[in-house]
Amino acid sequence: MRQKVTVVGAGNVGATAAQRLAEKSLCDVALVDIIEGVPQGKALDLSEAAPIEKHDSHLAGANSYEISQGSDIVIITAGIPRKPGMSRDDLISTNAGIMKAVTREVVRWSPDAILIIVSNPLDAMCHVALEASGFPKNRVMGMAGVLDSARFRAFIAMELNVSVENTHAFVLGGHGDTMVPLPRYSTVAGIPITELMPAERIEALVKRTANGGAEIVGLLKTGSAFYAPASAAVEMAEAILKDRKKILPCAAYLEGEYGIHDLFIGVPVKLGAGGIESIIEIKLTDEEAAALSRSAEAVAELKQMLKTLG
Ligand code: APR
C-alpha cells in the first residue's frame, strides 16, 4: 500500500520537501497551506513534472485538512521564516500560535501519524506540537540535528577536499547559537577530524556550522534556508517510512537522558517505523556536557516564554 506524507506549509521548505518526497518515490504527498491556490498550484506543478522525473507519487494540495487524512507522517513547516537580523527565537509568538492550530487539525485527521516539526524556534515548536497533539513522545520530533550535521559535513568536505559521502558529523543540543558540534565524533572515512585538521580550523568550521542558518539568511535577505532543511526532513521521513532504524540527530523529548528533564533537545536517536525508537546516550567530556547543559538552559528559557504567551 502507498504511504502518505502531509506537508503543512507549502512555502520554501514545504514545497521543496514535497518535491524530494515525490521524486524519491517515497510516498503520496498532501500539501496544505493557508494561502489560497498555492498548495494546489505547487502540487499540480510537481505532478506535471512527474512524467519527466519518472515517479508515480500522487500529489495534491488544499487549504483545509481533509486531504491529509490517514497520513503516516506529517511534516510541519508552517510559520514565518527569519529575516536578516532576526534570531530564530524572535519568531516564537507568531509561530507558536500557528503550530498549535495546525497540530490540532493534523491530529483530527491523522491520529496515528508521526510528526516532524521544522518551524522555528524548533525546540520550542516541538513542545507546542507535543502538547497540542497529546501524542506519545516517540511520535513527535524536530528536524535540526540532521541539518546542522549536514552543514558541518559540507564544511568538512570543502575544507579537506574530500567527498561529502566520506564525512560523518555529530551535532547535539538546541537548534540555535548554543548548538554543540562534537568534533571528536566527526570523522572522514572513520578518522576523527581532530586528527586531520588543526584545532583552529575545526573551531572555525564549528562556528560556521552554529551560524549556518544566519549565513544563508544574510545572503538570501528575504527568507531563510530551505534546500538543506527540506533534505534533512525528508531523510528523517524516509528512515521512518522504510523502517530503516537509522541513527540520526533529532530533537527528542528527554526525560532524564543526558541528565535533562522534560525538554526537547537534539540528541542521536534511532528512527524507524515507530518514530523515535530509542535515544542513544553517548559519553560526553565535561566540556561537552557543560555545553549541552547551556544549550538545554536556552531551550528551557524558550519553553518558559511559551508559558507566558499562553
Ligand atoms: N497553516 C498552514 N500554513 C501556514 C500557516 C497556517 N496557519 N501559517 C503560515 N503558513 C504557511 C505560509 O503561508 C507559507 O506558505 O507556511 C509557509 C511558510 O513558508 P515560507 O514563508 O516560505 O517559509 P519557509 O522558508 O518554508 O520556512 C518555514 O521552517 O525553517 C523554518 O524558520 C523556518 O519557521 C520557518 C519554517
# chains A, B, ... in the order shown; residues from 1 in each chain; ligands from 1
$ closest_atom_pairs --of "chain A" --to "ligand 1" --cutoff "6 Å" --atoms "only C-alpha atoms and all ligand atoms" --output "tab-separated table"
residue	atom	partner	partner_atom_place_in_ligand_line	distance
A:Val8	CA	ligand 1	2 (C)	5.7
A:Gly9	CA	ligand 1	16 (O)	3.7
A:Ala10	CA	ligand 1	15 (O)	4.7
A:Gly11	CA	ligand 1	19 (O)	3.2
A:Asn12	CA	ligand 1	26 (O)	3.8
A:Val13	CA	ligand 1	26 (O)	3.7
A:Gly14	CA	ligand 1	26 (O)	5.5
A:Asp33	CA	ligand 1	3 (N)	3.8
A:Ile34	CA	ligand 1	2 (C)	4.6
A:Ile35	CA	ligand 1	13 (O)	5.2
A:Thr77	CA	ligand 1	36 (C)	4.6
A:Ala78	CA	ligand 1	16 (O)	3.5
A:Gly79	CA	ligand 1	9 (C)	4.3
A:Ile80	CA	ligand 1	35 (C)	5.0
A:Pro81	CA	ligand 1	35 (C)	3.9
A:Arg82	CA	ligand 1	32 (O)	5.8
A:Ile98	CA	ligand 1	7 (N)	4.6
A:Val102	CA	ligand 1	1 (N)	5.8
A:Val118	CA	ligand 1	29 (O)	5.1
A:Ser119	CA	ligand 1	34 (O)	3.5
A:Asn120	CA	ligand 1	34 (O)	4.0
A:Gly223	CA	ligand 1	25 (O)	5.9
A:Ser224	CA	ligand 1	25 (O)	5.2
A:Phe226	CA	ligand 1	25 (O)	5.6
$ write_last_selection --atoms "N, CA, C and O atoms" --output "mmCIF file, in the first residue's frame"
data_model
loop_
_atom_site.group_PDB
_atom_site.id
_atom_site.type_symbol
_atom_site.label_atom_id
_atom_site.label_comp_id
_atom_site.auth_asym_id
_atom_site.auth_seq_id
_atom_site.Cartn_x
_atom_site.Cartn_y
_atom_site.Cartn_z
ATOM 1 N N VAL A 8 2.644 20.416 5.861
ATOM 2 C CA VAL A 8 1.865 21.623 6.166
ATOM 3 C C VAL A 8 2.795 22.829 6.029
ATOM 4 O O VAL A 8 3.864 22.878 6.645
ATOM 5 N N GLY A 9 2.334 23.790 5.217
ATOM 6 C CA GLY A 9 3.195 24.919 4.852
ATOM 7 C C GLY A 9 3.774 24.594 3.484
ATOM 8 O O GLY A 9 4.655 23.739 3.371
ATOM 9 N N ALA A 10 3.210 25.237 2.454
ATOM 10 C CA ALA A 10 3.685 24.948 1.085
ATOM 11 C C ALA A 10 4.623 26.050 0.616
ATOM 12 O O ALA A 10 4.625 26.440 -0.550
ATOM 13 N N GLY A 11 5.400 26.575 1.558
ATOM 14 C CA GLY A 11 6.371 27.615 1.221
ATOM 15 C C GLY A 11 7.667 26.989 0.739
ATOM 16 O O GLY A 11 7.674 25.895 0.158
ATOM 17 N N ASN A 12 8.763 27.673 1.032
ATOM 18 C CA ASN A 12 10.057 27.213 0.508
ATOM 19 C C ASN A 12 10.454 25.835 1.018
ATOM 20 O O ASN A 12 10.779 24.944 0.230
ATOM 21 N N VAL A 13 10.407 25.654 2.334
ATOM 22 C CA VAL A 13 10.835 24.351 2.876
ATOM 23 C C VAL A 13 9.803 23.278 2.512
ATOM 24 O O VAL A 13 10.162 22.188 2.053
ATOM 25 N N GLY A 14 8.521 23.602 2.701
ATOM 26 C CA GLY A 14 7.470 22.604 2.499
ATOM 27 C C GLY A 14 7.398 22.122 1.055
ATOM 28 O O GLY A 14 7.333 20.908 0.801
ATOM 29 N N ASP A 33 -1.742 24.559 2.966
ATOM 30 C CA ASP A 33 -1.271 25.912 3.298
ATOM 31 C C ASP A 33 -2.496 26.813 3.409
ATOM 32 O O ASP A 33 -3.552 26.497 2.866
ATOM 33 N N ILE A 34 -2.333 27.941 4.121
ATOM 34 C CA ILE A 34 -3.490 28.847 4.239
ATOM 35 C C ILE A 34 -3.659 29.736 3.010
ATOM 36 O O ILE A 34 -4.722 30.301 2.808
ATOM 37 N N ILE A 35 -2.627 29.880 2.211
ATOM 38 C CA ILE A 35 -2.757 30.783 1.054
ATOM 39 C C ILE A 35 -3.506 30.069 -0.070
ATOM 40 O O ILE A 35 -3.066 29.013 -0.544
ATOM 41 N N THR A 77 5.884 22.698 8.484
ATOM 42 C CA THR A 77 6.805 23.807 8.167
ATOM 43 C C THR A 77 6.069 25.143 8.215
ATOM 44 O O THR A 77 6.625 26.160 7.842
ATOM 45 N N ALA A 78 4.804 25.106 8.635
ATOM 46 C CA ALA A 78 4.002 26.337 8.621
ATOM 47 C C ALA A 78 4.593 27.351 9.588
ATOM 48 O O ALA A 78 5.043 27.002 10.674
ATOM 49 N N GLY A 79 4.570 28.604 9.171
ATOM 50 C CA GLY A 79 5.071 29.656 10.052
ATOM 51 C C GLY A 79 5.763 30.719 9.249
ATOM 52 O O GLY A 79 5.746 30.682 8.015
ATOM 53 N N ILE A 80 6.350 31.664 9.967
ATOM 54 C CA ILE A 80 7.104 32.687 9.242
ATOM 55 C C ILE A 80 8.593 32.379 9.387
ATOM 56 O O ILE A 80 9.040 31.903 10.440
ATOM 57 N N PRO A 81 9.361 32.623 8.338
ATOM 58 C CA PRO A 81 10.814 32.418 8.440
ATOM 59 C C PRO A 81 11.519 33.685 8.934
ATOM 60 O O PRO A 81 10.905 34.731 9.069
ATOM 61 N N ARG A 82 12.815 33.565 9.170
ATOM 62 C CA ARG A 82 13.595 34.706 9.664
ATOM 63 C C ARG A 82 13.926 35.700 8.566
ATOM 64 O O ARG A 82 14.072 35.334 7.406
ATOM 65 N N ILE A 98 0.540 29.496 15.326
ATOM 66 C CA ILE A 98 0.329 28.715 14.096
ATOM 67 C C ILE A 98 0.489 27.223 14.397
ATOM 68 O O ILE A 98 -0.333 26.398 13.999
ATOM 69 N N VAL A 102 -2.340 24.356 13.768
ATOM 70 C CA VAL A 102 -2.041 23.351 12.740
ATOM 71 C C VAL A 102 -2.049 21.947 13.354
ATOM 72 O O VAL A 102 -2.652 21.014 12.812
ATOM 73 N N VAL A 118 9.418 21.339 11.788
ATOM 74 C CA VAL A 118 10.510 22.066 11.129
ATOM 75 C C VAL A 118 10.482 23.555 11.502
ATOM 76 O O VAL A 118 11.517 24.217 11.532
ATOM 77 N N SER A 119 9.292 24.076 11.807
ATOM 78 C CA SER A 119 9.147 25.514 12.072
ATOM 79 C C SER A 119 10.012 25.936 13.263
ATOM 80 O O SER A 119 10.175 25.183 14.221
ATOM 81 N N ASN A 120 10.503 27.146 13.205
ATOM 82 C CA ASN A 120 11.378 27.674 14.263
ATOM 83 C C ASN A 120 10.643 28.616 15.210
ATOM 84 O O ASN A 120 9.627 29.183 14.822
ATOM 85 N N GLY A 223 14.380 35.605 3.256
ATOM 86 C CA GLY A 223 13.866 34.373 3.867
ATOM 87 C C GLY A 223 15.025 33.558 4.378
ATOM 88 O O GLY A 223 16.166 34.027 4.405
ATOM 89 N N SER A 224 14.740 32.330 4.797
ATOM 90 C CA SER A 224 15.817 31.508 5.351
ATOM 91 C C SER A 224 16.057 30.281 4.473
ATOM 92 O O SER A 224 15.372 30.070 3.475
ATOM 93 N N PHE A 226 16.300 26.729 2.711
ATOM 94 C CA PHE A 226 15.238 25.732 2.509
ATOM 95 C C PHE A 226 15.672 24.462 1.796
ATOM 96 O O PHE A 226 15.114 23.411 2.055
#
$ select_by_dssp --residues "segment 39-275 of chain A" --states "strand (DSSP E)" --output "compact mmCIF listing (two decimals) with N, CA and C atoms, in the first residue's frame"
# COMPACT_ATOMS: atom_id res chain seq x y z
N LEU A 59 0.35 13.74 -5.89
CA LEU A 59 0.48 14.98 -5.10
C LEU A 59 -0.82 15.76 -5.20
N ALA A 60 -1.27 16.30 -4.07
CA ALA A 60 -2.48 17.12 -4.08
C ALA A 60 -2.32 18.22 -3.04
N GLY A 61 -2.96 19.35 -3.31
CA GLY A 61 -2.85 20.48 -2.38
C GLY A 61 -4.22 20.99 -1.98
N ALA A 62 -4.31 21.60 -0.79
CA ALA A 62 -5.58 22.15 -0.32
C ALA A 62 -5.34 23.18 0.77
N ILE A 73 2.97 10.24 8.13
CA ILE A 73 3.86 11.28 8.69
C ILE A 73 3.29 12.64 8.31
N VAL A 74 3.41 13.59 9.22
CA VAL A 74 3.08 14.98 8.87
C VAL A 74 4.30 15.85 9.19
N ILE A 75 4.78 16.52 8.16
CA ILE A 75 5.93 17.43 8.32
C ILE A 75 5.36 18.84 8.44
N ILE A 76 5.62 19.51 9.55
CA ILE A 76 5.03 20.84 9.75
C ILE A 76 6.09 21.93 9.54
N ILE A 114 3.09 10.32 12.65
CA ILE A 114 4.32 10.75 13.32
C ILE A 114 4.58 12.19 12.85
N LEU A 115 4.84 13.08 13.79
CA LEU A 115 5.02 14.49 13.45
C LEU A 115 6.50 14.85 13.40
N ILE A 116 6.89 15.46 12.28
CA ILE A 116 8.25 16.00 12.15
C ILE A 116 8.11 17.52 12.09
N ILE A 117 8.61 18.18 13.11
CA ILE A 117 8.46 19.63 13.21
C ILE A 117 9.69 20.32 12.60
N VAL A 140 6.62 12.55 18.16
CA VAL A 140 6.80 13.99 17.91
C VAL A 140 8.30 14.28 17.98
N MET A 141 8.83 14.82 16.89
CA MET A 141 10.27 15.08 16.87
C MET A 141 10.57 16.31 16.02
N GLY A 142 11.74 16.86 16.22
CA GLY A 142 12.09 18.06 15.48
C GLY A 142 13.28 17.83 14.57
N THR A 167 32.14 11.87 4.86
CA THR A 167 32.11 12.63 6.12
C THR A 167 30.96 12.20 7.01
N HIS A 168 31.21 12.26 8.30
CA HIS A 168 30.20 12.00 9.31
C HIS A 168 30.35 13.09 10.34
N VAL A 171 26.20 16.64 15.86
CA VAL A 171 25.86 17.92 16.46
C VAL A 171 24.74 17.67 17.47
N LEU A 172 24.94 18.10 18.69
CA LEU A 172 23.90 17.92 19.72
C LEU A 172 23.33 19.27 20.11
N VAL A 180 25.74 22.21 19.85
CA VAL A 180 27.01 21.65 20.31
C VAL A 180 27.59 20.68 19.27
N PRO A 181 28.38 21.18 18.33
CA PRO A 181 29.02 20.25 17.39
C PRO A 181 30.10 19.45 18.12
N THR A 187 33.93 12.52 11.64
CA THR A 187 35.00 11.75 11.00
C THR A 187 35.00 11.90 9.49
N VAL A 188 36.15 11.57 8.90
CA VAL A 188 36.24 11.41 7.45
C VAL A 188 36.71 9.97 7.23
N ILE A 191 38.04 8.43 10.27
CA ILE A 191 39.14 9.07 11.00
C ILE A 191 38.62 10.36 11.64
N PRO A 192 38.75 10.50 12.96
CA PRO A 192 38.25 11.73 13.61
C PRO A 192 38.90 12.98 13.00
N LYS A 246 17.61 4.14 11.37
CA LYS A 246 18.79 5.00 11.19
C LYS A 246 19.09 5.78 12.45
N ILE A 247 20.36 5.93 12.75
CA ILE A 247 20.75 6.77 13.88
C ILE A 247 20.96 8.18 13.34
N LEU A 248 20.11 9.08 13.77
CA LEU A 248 20.18 10.46 13.28
C LEU A 248 20.01 11.41 14.47
N PRO A 249 20.67 12.55 14.42
CA PRO A 249 20.43 13.51 15.50
C PRO A 249 19.11 14.25 15.26
N CYS A 250 18.21 14.15 16.22
CA CYS A 250 16.89 14.80 16.10
C CYS A 250 16.55 15.47 17.42
N ALA A 251 15.64 16.43 17.37
CA ALA A 251 15.14 17.00 18.62
C ALA A 251 14.15 16.00 19.20
N ALA A 252 14.47 15.50 20.39
CA ALA A 252 13.64 14.47 21.04
C ALA A 252 13.31 14.95 22.44
N TYR A 253 12.17 14.47 22.95
CA TYR A 253 11.74 14.86 24.30
C TYR A 253 12.51 14.02 25.31
N LEU A 254 13.33 14.67 26.11
CA LEU A 254 14.15 13.94 27.07
C LEU A 254 13.50 13.91 28.44
N GLU A 255 13.55 12.73 29.03
CA GLU A 255 13.03 12.58 30.39
C GLU A 255 14.13 11.93 31.24
N HIS A 261 15.68 17.00 31.74
CA HIS A 261 14.30 16.57 32.02
C HIS A 261 13.28 17.44 31.31
N ASP A 262 12.31 16.79 30.67
CA ASP A 262 11.13 17.45 30.11
C ASP A 262 11.45 18.56 29.12
N LEU A 263 12.44 18.30 28.28
CA LEU A 263 12.82 19.29 27.26
C LEU A 263 13.09 18.59 25.94
N PHE A 264 12.75 19.27 24.84
CA PHE A 264 13.18 18.80 23.53
C PHE A 264 14.58 19.33 23.28
N ILE A 265 15.46 18.43 22.90
CA ILE A 265 16.82 18.84 22.62
C ILE A 265 17.43 17.85 21.63
N GLY A 266 18.37 18.32 20.82
CA GLY A 266 18.95 17.47 19.78
C GLY A 266 19.88 16.41 20.36
N VAL A 267 19.55 15.15 20.10
CA VAL A 267 20.36 14.02 20.56
C VAL A 267 20.29 12.93 19.48
N PRO A 268 21.24 11.99 19.48
CA PRO A 268 21.12 10.91 18.50
C PRO A 268 19.98 9.96 18.87
N VAL A 269 19.16 9.64 17.90
CA VAL A 269 18.04 8.72 18.16
C VAL A 269 18.02 7.65 17.06
N LYS A 270 17.29 6.57 17.35
CA LYS A 270 17.08 5.55 16.32
C LYS A 270 15.70 5.79 15.71
N LEU A 271 15.69 6.07 14.39
CA LEU A 271 14.42 6.36 13.71
C LEU A 271 13.98 5.18 12.87
N GLY A 272 12.75 4.73 13.16
CA GLY A 272 12.17 3.63 12.40
C GLY A 272 10.67 3.79 12.33
N GLY A 275 8.78 5.71 14.90
CA GLY A 275 9.23 7.07 15.18
C GLY A 275 10.57 7.01 15.90
$ closest_residue --among "A:Met99, A:Met179, A:Ala239, A:Ala228" --to "Asn211 of chain A" --atoms "only C-alpha atoms"
A:Met179
$ select_by_dssp --residues "segment 37-265 of chain A" --states "alpha helix (DSSP H)" --output "PyMOL selection string"
chain A and resi 38-53+92-109+122-133+145-160+199-210+212-220+227-241
$ residues_around --residues "Val146 of chain A" --least-positions-apart "3" --cutoff "9 Å" --atoms "only C-alpha atoms" --output "CSV table (one decimal) with N, CA, C and O atoms, in the first residue's frame"
chain,number,residue,atom,x,y,z
A,143,MET,N,13.2,18.5,13.4
A,143,MET,CA,14.3,18.4,12.5
A,143,MET,C,15.3,19.6,12.8
A,143,MET,O,14.9,20.7,12.6
A,149,SER,N,24.2,18.9,11.2
A,149,SER,CA,25.3,18.0,11.0
A,149,SER,C,25.6,17.9,9.5
A,149,SER,O,26.8,17.8,9.1
A,150,ALA,N,24.6,18.1,8.6
A,150,ALA,CA,24.9,18.2,7.2
A,150,ALA,C,25.7,19.4,6.8
A,150,ALA,O,26.6,19.4,6.0
A,151,ARG,N,25.4,20.5,7.5
A,151,ARG,CA,26.2,21.7,7.3
A,151,ARG,C,27.6,21.5,7.7
A,151,ARG,O,28.6,21.8,7.0
A,170,PHE,N,28.6,14.9,14.1
A,170,PHE,CA,27.7,14.9,15.2
A,170,PHE,C,27.4,16.3,15.8
A,170,PHE,O,28.4,17.0,16.1
A,171,VAL,N,26.2,16.6,15.9
A,171,VAL,CA,25.9,17.9,16.5
A,171,VAL,C,24.7,17.7,17.5
A,171,VAL,O,23.7,17.1,17.1
A,229,PRO,N,17.3,22.3,4.7
A,229,PRO,CA,16.3,21.9,5.7
A,229,PRO,C,15.3,20.9,5.1
A,229,PRO,O,14.9,19.9,5.8
A,231,SER,N,15.9,18.7,2.7
A,231,SER,CA,16.6,17.4,2.5
A,231,SER,C,16.6,16.7,3.9
A,231,SER,O,16.4,15.5,4.0
A,232,ALA,N,16.9,17.5,4.9
A,232,ALA,CA,17.0,16.9,6.3
A,232,ALA,C,15.7,16.3,6.7
A,232,ALA,O,15.6,15.2,7.3
A,233,ALA,N,14.6,17.0,6.5
A,233,ALA,CA,13.3,16.5,6.9
A,233,ALA,C,12.9,15.2,6.2
A,233,ALA,O,12.4,14.3,6.7
A,235,GLU,N,15.1,13.1,4.9
A,235,GLU,CA,15.9,11.9,5.3
A,235,GLU,C,15.2,11.3,6.6
A,235,GLU,O,15.2,10.1,6.7
A,236,MET,N,14.7,12.1,7.4
A,236,MET,CA,14.0,11.6,8.6
A,236,MET,C,12.8,10.8,8.2
A,236,MET,O,12.5,9.7,8.7
A,248,LEU,N,20.1,9.1,13.8
A,248,LEU,CA,20.2,10.5,13.3
A,248,LEU,C,20.0,11.4,14.5
A,248,LEU,O,19.3,11.1,15.4
A,249,PRO,N,20.7,12.6,14.4
A,249,PRO,CA,20.4,13.5,15.5
A,249,PRO,C,19.1,14.3,15.3
A,249,PRO,O,18.9,14.9,14.2
A,250,CYS,N,18.2,14.2,16.2
A,250,CYS,CA,16.9,14.8,16.1
A,250,CYS,C,16.6,15.5,17.4
A,250,CYS,O,17.0,15.1,18.5
$ closest_residue --among "A:Leu182, A:Ala43, A:Ile216, A:Ile156" --to "Leu31 of chain A" --atoms "only C-alpha atoms"
A:Ala43
$ atom_distance --atom1 "atom CA of Glu203 of chain A" --atom2 "atom CA of Pro183 of chain A"
9.0 Å
$ closest_atom_pairs --of "segment 2-60 of chain A" --to "segment 104-108 of chain A" --cutoff "12 Å" --atoms "only C-alpha atoms" --output "Markdown table"
| residue | atom | partner | partner_atom | distance |
| --- | --- | --- | --- | --- |
| A:Val5 | CA | A:Val106 | CA | 11.5 |
| A:Thr6 | CA | A:Val106 | CA | 8.9 |
| A:Val7 | CA | A:Val106 | CA | 10.2 |
| A:Val8 | CA | A:Val106 | CA | 8.8 |
| A:Ala30 | CA | A:Val106 | CA | 11.7 |
| A:Leu31 | CA | A:Val106 | CA | 12.0 |
| A:Val32 | CA | A:Val106 | CA | 10.1 |
